[in-house]
$ cat run.tsv   # TSV, N, CA and C atoms
chain	number	residue	atom	x	y	z
V	1	MET	N	168.87	-142.59	34.74
V	1	MET	CA	167.77	-141.78	34.26
V	1	MET	C	168.08	-141.34	32.84
V	2	SER	N	167.13	-141.54	31.94
V	2	SER	CA	167.32	-141.17	30.55
V	2	SER	C	166.92	-139.71	30.35
V	3	ILE	N	167.26	-139.20	29.22
V	3	ILE	CA	166.92	-137.81	28.90
V	3	ILE	C	165.42	-137.63	28.76
V	4	LEU	N	164.70	-138.67	28.34
V	4	LEU	CA	163.24	-138.57	28.22
V	4	LEU	C	162.58	-138.43	29.59
V	5	ASP	N	163.11	-139.09	30.59
V	5	ASP	CA	162.56	-138.97	31.95
V	5	ASP	C	162.70	-137.55	32.47
V	6	TYR	N	163.76	-136.89	32.09
V	6	TYR	CA	163.98	-135.51	32.52
V	6	TYR	C	162.87	-134.60	31.98
V	7	PHE	N	162.54	-134.75	30.71
V	7	PHE	CA	161.50	-133.91	30.12
V	7	PHE	C	160.10	-134.27	30.63
V	8	ARG	N	159.85	-135.51	30.87
V	8	ARG	CA	158.54	-135.93	31.36
V	8	ARG	C	158.28	-135.39	32.76
V	9	SER	N	159.27	-135.37	33.60
V	9	SER	CA	159.06	-134.88	34.97
V	9	SER	C	158.73	-133.39	34.98
V	10	ASN	N	159.31	-132.63	34.07
V	10	ASN	CA	158.99	-131.20	33.99
V	10	ASN	C	157.56	-130.98	33.53
V	11	LYS	N	157.09	-131.80	32.63
V	11	LYS	CA	155.71	-131.65	32.17
V	11	LYS	C	154.74	-131.89	33.31
V	12	LYS	N	155.01	-132.91	34.13
V	12	LYS	CA	154.11	-133.20	35.24
V	12	LYS	C	154.11	-132.06	36.24
V	13	ALA	N	155.27	-131.51	36.52
V	13	ALA	CA	155.35	-130.40	37.47
V	13	ALA	C	154.64	-129.17	36.91
V	14	ALA	N	154.84	-128.90	35.63
V	14	ALA	CA	154.17	-127.75	35.02
V	14	ALA	C	152.67	-127.98	34.96
V	15	SER	N	152.26	-129.19	34.67
V	15	SER	CA	150.84	-129.51	34.62
V	15	SER	C	150.21	-129.38	36.00
V	16	ALA	N	150.88	-129.85	37.01
V	16	ALA	CA	150.36	-129.75	38.37
V	16	ALA	C	150.26	-128.29	38.81
V	17	SER	N	151.25	-127.50	38.45
V	17	SER	CA	151.23	-126.09	38.79
V	17	SER	C	150.09	-125.37	38.08
V	18	LEU	N	149.88	-125.70	36.82
V	18	LEU	CA	148.79	-125.11	36.06
V	18	LEU	C	147.44	-125.51	36.65
V	19	ALA	N	147.29	-126.77	37.01
V	19	ALA	CA	146.04	-127.23	37.61
V	19	ALA	C	145.79	-126.54	38.95
V	20	LYS	N	146.83	-126.33	39.73
V	20	LYS	CA	146.70	-125.64	41.01
V	20	LYS	C	146.25	-124.20	40.81
V	21	ASP	N	146.84	-123.51	39.82
V	21	ASP	CA	146.45	-122.13	39.53
V	21	ASP	C	145.00	-122.05	39.09
V	22	ARG	N	144.59	-122.98	38.24
V	22	ARG	CA	143.19	-122.99	37.78
V	22	ARG	C	142.23	-123.24	38.93
V	23	LEU	N	142.59	-124.15	39.81
V	23	LEU	CA	141.74	-124.44	40.96
V	23	LEU	C	141.61	-123.23	41.88
V	24	GLN	N	142.69	-122.50	42.07
V	24	GLN	CA	142.64	-121.31	42.91
V	24	GLN	C	141.71	-120.26	42.31
V	25	ILE	N	141.73	-120.13	40.98
V	25	ILE	CA	140.84	-119.17	40.31
V	25	ILE	C	139.39	-119.59	40.50
V	26	ILE	N	139.11	-120.88	40.34
V	26	ILE	CA	137.74	-121.38	40.50
V	26	ILE	C	137.24	-121.16	41.92
V	27	VAL	N	138.08	-121.46	42.90
V	27	VAL	CA	137.68	-121.28	44.30
V	27	VAL	C	137.43	-119.81	44.61
V	28	ALA	N	138.28	-118.93	44.11
V	28	ALA	CA	138.10	-117.49	44.34
V	28	ALA	C	136.80	-117.01	43.69
V	29	HIS	N	136.50	-117.52	42.50
V	29	HIS	CA	135.27	-117.12	41.81
V	29	HIS	C	134.05	-117.59	42.59
V	30	GLN	N	134.08	-118.81	43.11
V	30	GLN	CA	132.95	-119.33	43.87
V	30	GLN	C	132.77	-118.58	45.18
V	31	ARG	N	133.84	-118.19	45.81
V	31	ARG	CA	133.74	-117.40	47.04
V	31	ARG	C	133.12	-116.05	46.77
V	32	ALA	N	133.49	-115.44	45.65
V	32	ALA	CA	132.94	-114.14	45.30
V	32	ALA	C	131.44	-114.25	45.03
V	33	GLU	N	131.00	-115.32	44.38
V	33	GLU	CA	129.58	-115.50	44.11
V	33	GLU	C	128.81	-115.78	45.39
V	34	ARG	N	129.41	-116.46	46.32
V	34	ARG	CA	128.73	-116.80	47.57
V	34	ARG	C	128.42	-115.55	48.38
V	35	ASP	N	129.29	-114.56	48.34
V	35	ASP	CA	129.10	-113.34	49.10
V	35	ASP	C	128.27	-112.29	48.36
V	36	ALA	N	127.90	-112.57	47.11
V	36	ALA	CA	127.15	-111.61	46.30
V	36	ALA	C	125.70	-111.55	46.79
V	37	PRO	N	125.07	-110.39	46.62
V	37	PRO	CA	123.67	-110.25	47.02
V	37	PRO	C	122.75	-111.11	46.14
V	38	ASP	N	121.52	-111.32	46.60
V	38	ASP	CA	120.57	-112.17	45.90
V	38	ASP	C	120.22	-111.64	44.51
V	39	TYR	N	120.21	-110.33	44.35
V	39	TYR	CA	119.83	-109.73	43.08
V	39	TYR	C	120.95	-109.74	42.04
V	40	PHE	N	122.13	-110.13	42.42
V	40	PHE	CA	123.30	-110.02	41.54
V	40	PHE	C	123.17	-110.83	40.24
V	41	PRO	N	122.74	-112.09	40.25
V	41	PRO	CA	122.63	-112.82	38.97
V	41	PRO	C	121.65	-112.17	38.00
V	42	GLN	N	120.52	-111.68	38.49
V	42	GLN	CA	119.56	-111.03	37.62
V	42	GLN	C	120.12	-109.71	37.09
V	43	MET	N	120.81	-108.96	37.93
V	43	MET	CA	121.40	-107.70	37.50
V	43	MET	C	122.45	-107.95	36.42
V	44	LYS	N	123.26	-109.00	36.60
V	44	LYS	CA	124.27	-109.34	35.60
V	44	LYS	C	123.62	-109.66	34.26
V	45	GLN	N	122.55	-110.43	34.28
V	45	GLN	CA	121.86	-110.80	33.04
V	45	GLN	C	121.27	-109.57	32.36
V	46	GLU	N	120.70	-108.66	33.12
V	46	GLU	CA	120.13	-107.44	32.55
V	46	GLU	C	121.21	-106.55	31.94
V	47	ILE	N	122.37	-106.49	32.58
V	47	ILE	CA	123.49	-105.71	32.03
V	47	ILE	C	123.92	-106.30	30.69
V	48	ILE	N	123.99	-107.61	30.61
V	48	ILE	CA	124.38	-108.27	29.36
V	48	ILE	C	123.34	-107.98	28.26
V	49	GLU	N	122.07	-107.99	28.61
V	49	GLU	CA	121.02	-107.70	27.63
V	49	GLU	C	121.13	-106.27	27.10
V	50	VAL	N	121.45	-105.31	27.96
V	50	VAL	CA	121.61	-103.92	27.52
V	50	VAL	C	122.81	-103.80	26.58
V	51	ILE	N	123.91	-104.45	26.91
V	51	ILE	CA	125.09	-104.40	26.05
V	51	ILE	C	124.78	-105.01	24.69
V	52	ARG	N	124.00	-106.07	24.67
V	52	ARG	CA	123.64	-106.74	23.40
V	52	ARG	C	122.76	-105.87	22.51
V	53	LYS	N	122.11	-104.86	23.05
V	53	LYS	CA	121.32	-103.94	22.22
V	53	LYS	C	122.23	-103.15	21.27
V	54	TYR	N	123.48	-102.96	21.67
V	54	TYR	CA	124.38	-102.12	20.91
V	54	TYR	C	125.51	-102.90	20.23
V	55	VAL	N	125.94	-103.99	20.86
V	55	VAL	CA	127.08	-104.76	20.35
V	55	VAL	C	126.77	-106.24	20.54
V	56	HIS	N	127.11	-107.05	19.52
V	56	HIS	CA	126.90	-108.49	19.64
V	56	HIS	C	128.06	-109.08	20.45
V	57	VAL	N	127.76	-109.55	21.66
V	57	VAL	CA	128.76	-110.20	22.51
V	57	VAL	C	128.16	-111.47	23.09
V	58	ASN	N	129.01	-112.43	23.36
V	58	ASN	CA	128.60	-113.64	24.06
V	58	ASN	C	128.65	-113.39	25.56
V	59	GLU	N	127.94	-114.22	26.29
V	59	GLU	CA	127.91	-114.04	27.74
V	59	GLU	C	129.29	-114.23	28.38
V	60	ASP	N	130.13	-115.06	27.78
V	60	ASP	CA	131.46	-115.28	28.34
V	60	ASP	C	132.41	-114.11	28.07
V	61	GLN	N	131.98	-113.16	27.23
V	61	GLN	CA	132.80	-111.98	26.96
V	61	GLN	C	132.50	-110.85	27.95
V	62	VAL	N	131.54	-111.07	28.83
V	62	VAL	CA	131.17	-110.05	29.82
V	62	VAL	C	131.48	-110.60	31.20
V	63	ASN	N	132.27	-109.87	31.95
V	63	ASN	CA	132.62	-110.27	33.31
V	63	ASN	C	132.14	-109.18	34.26
V	64	VAL	N	131.23	-109.56	35.15
V	64	VAL	CA	130.70	-108.63	36.14
V	64	VAL	C	131.11	-109.14	37.51
V	65	GLN	N	131.70	-108.27	38.29
V	65	GLN	CA	132.20	-108.68	39.60
V	65	GLN	C	131.84	-107.62	40.63
V	66	LEU	N	131.42	-108.06	41.78
V	66	LEU	CA	131.08	-107.17	42.88
V	66	LEU	C	132.10	-107.35	43.99
V	67	ASP	N	132.80	-106.28	44.32
V	67	ASP	CA	133.80	-106.32	45.39
V	67	ASP	C	133.30	-105.49	46.57
V	68	GLN	N	133.50	-106.02	47.77
V	68	GLN	CA	133.12	-105.31	48.98
V	68	GLN	C	134.32	-105.24	49.92
V	69	ASP	N	134.49	-104.09	50.56
V	69	ASP	CA	135.59	-103.98	51.51
V	69	ASP	C	135.04	-103.88	52.92
V	70	ASP	N	135.91	-103.65	53.87
V	70	ASP	CA	135.54	-103.65	55.28
V	70	ASP	C	134.69	-102.44	55.67
V	71	ASN	N	134.71	-101.39	54.87
V	71	ASN	CA	133.96	-100.17	55.19
V	71	ASN	C	132.56	-100.17	54.58
V	72	ASN	N	132.03	-101.35	54.24
V	72	ASN	CA	130.72	-101.49	53.62
V	72	ASN	C	130.62	-100.73	52.29
V	73	LEU	N	131.74	-100.63	51.60
V	73	LEU	CA	131.78	-99.99	50.29
V	73	LEU	C	131.76	-101.09	49.24
V	74	SER	N	130.80	-101.00	48.32
V	74	SER	CA	130.69	-102.00	47.25
V	74	SER	C	131.10	-101.37	45.93
V	75	VAL	N	131.86	-102.13	45.15
V	75	VAL	CA	132.32	-101.68	43.84
V	75	VAL	C	131.88	-102.71	42.81
V	76	LEU	N	131.14	-102.26	41.80
V	76	LEU	CA	130.72	-103.13	40.71
V	76	LEU	C	131.69	-102.93	39.56
V	77	GLU	N	132.38	-104.01	39.19
V	77	GLU	CA	133.37	-103.96	38.13
V	77	GLU	C	132.82	-104.70	36.92
V	78	LEU	N	132.85	-104.05	35.76
V	78	LEU	CA	132.32	-104.61	34.54
V	78	LEU	C	133.40	-104.60	33.47
V	79	ASN	N	133.75	-105.78	32.96
V	79	ASN	CA	134.73	-105.90	31.88
V	79	ASN	C	134.05	-106.56	30.69
V	80	VAL	N	134.08	-105.88	29.55
V	80	VAL	CA	133.45	-106.39	28.34
V	80	VAL	C	134.51	-106.48	27.25
V	81	THR	N	134.62	-107.66	26.64
V	81	THR	CA	135.51	-107.82	25.50
V	81	THR	C	134.71	-107.50	24.25
V	82	LEU	N	134.99	-106.35	23.67
V	82	LEU	CA	134.24	-105.90	22.50
V	82	LEU	C	134.85	-106.47	21.22
V	83	PRO	N	134.01	-106.74	20.22
V	83	PRO	CA	134.53	-107.23	18.94
V	83	PRO	C	135.24	-106.11	18.19
V	84	ASP	N	136.08	-106.49	17.24
V	84	ASP	CA	136.77	-105.50	16.42
V	84	ASP	C	135.75	-104.68	15.63
V	85	GLY	N	136.06	-103.44	15.40
V	85	GLY	CA	135.14	-102.55	14.68
V	85	GLY	C	135.17	-102.74	13.18
V	86	LYS	N	135.87	-103.74	12.68
V	86	LYS	CA	135.99	-103.94	11.24
V	86	LYS	C	134.77	-104.57	10.65
$ encode --input "run.tsv" --output "structure tokens"
Amino acid sequence: MSILDYFRSNKKAASASLAKDRLQIIVAHQRAERDAPDYFPQMKQEIIEVIRKYVHVNEDQVNVQLDQDDNNLSVLELNVTLPDGK
């Protein structure tokens, strides 16, 4: 085994691990959307429109998530990446 084979095998393992992590994130995101109420996409869009009245943000800078627990308690989490004030 040459020294180049040693480095190549680590890249494949790291790449596979990264791909696995990304896939887990995608699956978790899709599961969360599946359990969301019917009004959730429209509510998310309206929240983004209100934020845009005050600050210029792209849609990918706004993350809206609805979490529900076993006690029928729903939590709406909103994360907005705001631009620098400069």
$ atom_distance --input "run.tsv" --atom1 "atom N of Gln68 of chain V" --atom2 "atom CA of Lys44 of chain V"
15.6 Å
$ atom_distance --input "run.tsv" --atom1 "atom CA of Leu78 of chain V" --atom2 "atom CA of Leu23 of chain V"
22.9 Å
$ axis_aligned_box --input "run.tsv" --around "segment 40-59 of chain V" --padding-each-side "4 Å" --output "JSON"
{"center_x": 124.4, "center_y": -108.2, "center_z": 31.0, "size_x": 17.7, "size_y": 20.1, "size_z": 30.9}
$ atom_distance --input "run.tsv" --atom1 "atom N of Ser74 of chain V" --atom2 "atom N of Pro41 of chain V"
15.9 Å
$ residues_around --input "run.tsv" --residues "Val75 of chain V" --least-positions-apart "4" --cutoff "8 Å" --atoms "all atoms listed in the file" --output "ChimeraX atom specification"
/V:65-69
$ write_last_selection --input "run.tsv" --atoms "N, CA and C atoms" --output "tab-separated table (two decimals), in the frame of the given file"
chain	number	residue	atom	x	y	z
V	65	GLN	N	131.70	-108.27	38.29
V	65	GLN	CA	132.20	-108.68	39.60
V	65	GLN	C	131.84	-107.62	40.63
V	66	LEU	N	131.42	-108.06	41.78
V	66	LEU	CA	131.08	-107.17	42.88
V	66	LEU	C	132.10	-107.35	43.99
V	67	ASP	N	132.80	-106.28	44.32
V	67	ASP	CA	133.80	-106.32	45.39
V	67	ASP	C	133.30	-105.49	46.57
V	68	GLN	N	133.50	-106.02	47.77
V	68	GLN	CA	133.12	-105.31	48.98
V	68	GLN	C	134.32	-105.24	49.92
V	69	ASP	N	134.49	-104.09	50.56
V	69	ASP	CA	135.59	-103.98	51.51
V	69	ASP	C	135.04	-103.88	52.92
$ residues_around --input "run.tsv" --residues "Thr81 of chain V" --least-positions-apart "3" --cutoff "6.5 Å" --atoms "only N, CA and C atoms" --output "list in words"
Gln61, Val62 and Asn63 of chain V
$ closest_residue --input "run.tsv" --among "V:Ala19, V:Met43, V:Val57, V:Ile26" --to "Leu82 of chain V" --atoms "all atoms listed in the file"
V:Val57
$ select_by_dssp --input "run.tsv" --residues "segment 32-79 of chain V" --states "alpha helix (DSSP H)" --output "list of chain:residue names"
V:Ala32, V:Glu33, V:Arg34, V:Phe40, V:Pro41, V:Gln42, V:Met43, V:Lys44, V:Gln45, V:Glu46, V:Ile47, V:Ile48, V:Glu49, V:Val50, V:Ile51, V:Arg52, V:Lys53, V:Tyr54
$ decode --input "run.tsv" --residues "segment 16-28 of chain V" --atoms "C-alpha atoms" --output "mmCIF file, in the first residue's frame"
data_model
loop_
_atom_site.group_PDB
_atom_site.id
_atom_site.type_symbol
_atom_site.label_atom_id
_atom_site.label_comp_id
_atom_site.auth_asym_id
_atom_site.auth_seq_id
_atom_site.Cartn_x
_atom_site.Cartn_y
_atom_site.Cartn_z
ATOM 1 C CA ALA V 16 -19.289 9.032 3.324
ATOM 2 C CA SER V 17 -19.664 10.313 6.869
ATOM 3 C CA LEU V 18 -20.485 13.803 5.608
ATOM 4 C CA ALA V 19 -23.038 12.420 3.152
ATOM 5 C CA LYS V 20 -24.645 10.370 5.938
ATOM 6 C CA ASP V 21 -24.912 13.444 8.184
ATOM 7 C CA ARG V 22 -26.474 15.484 5.391
ATOM 8 C CA LEU V 23 -28.974 12.741 4.631
ATOM 9 C CA GLN V 24 -29.996 12.543 8.289
ATOM 10 C CA ILE V 25 -30.626 16.300 8.318
ATOM 11 C CA ILE V 26 -32.744 16.071 5.158
ATOM 12 C CA VAL V 27 -34.792 13.171 6.527
ATOM 13 C CA ALA V 28 -35.372 14.975 9.834
#
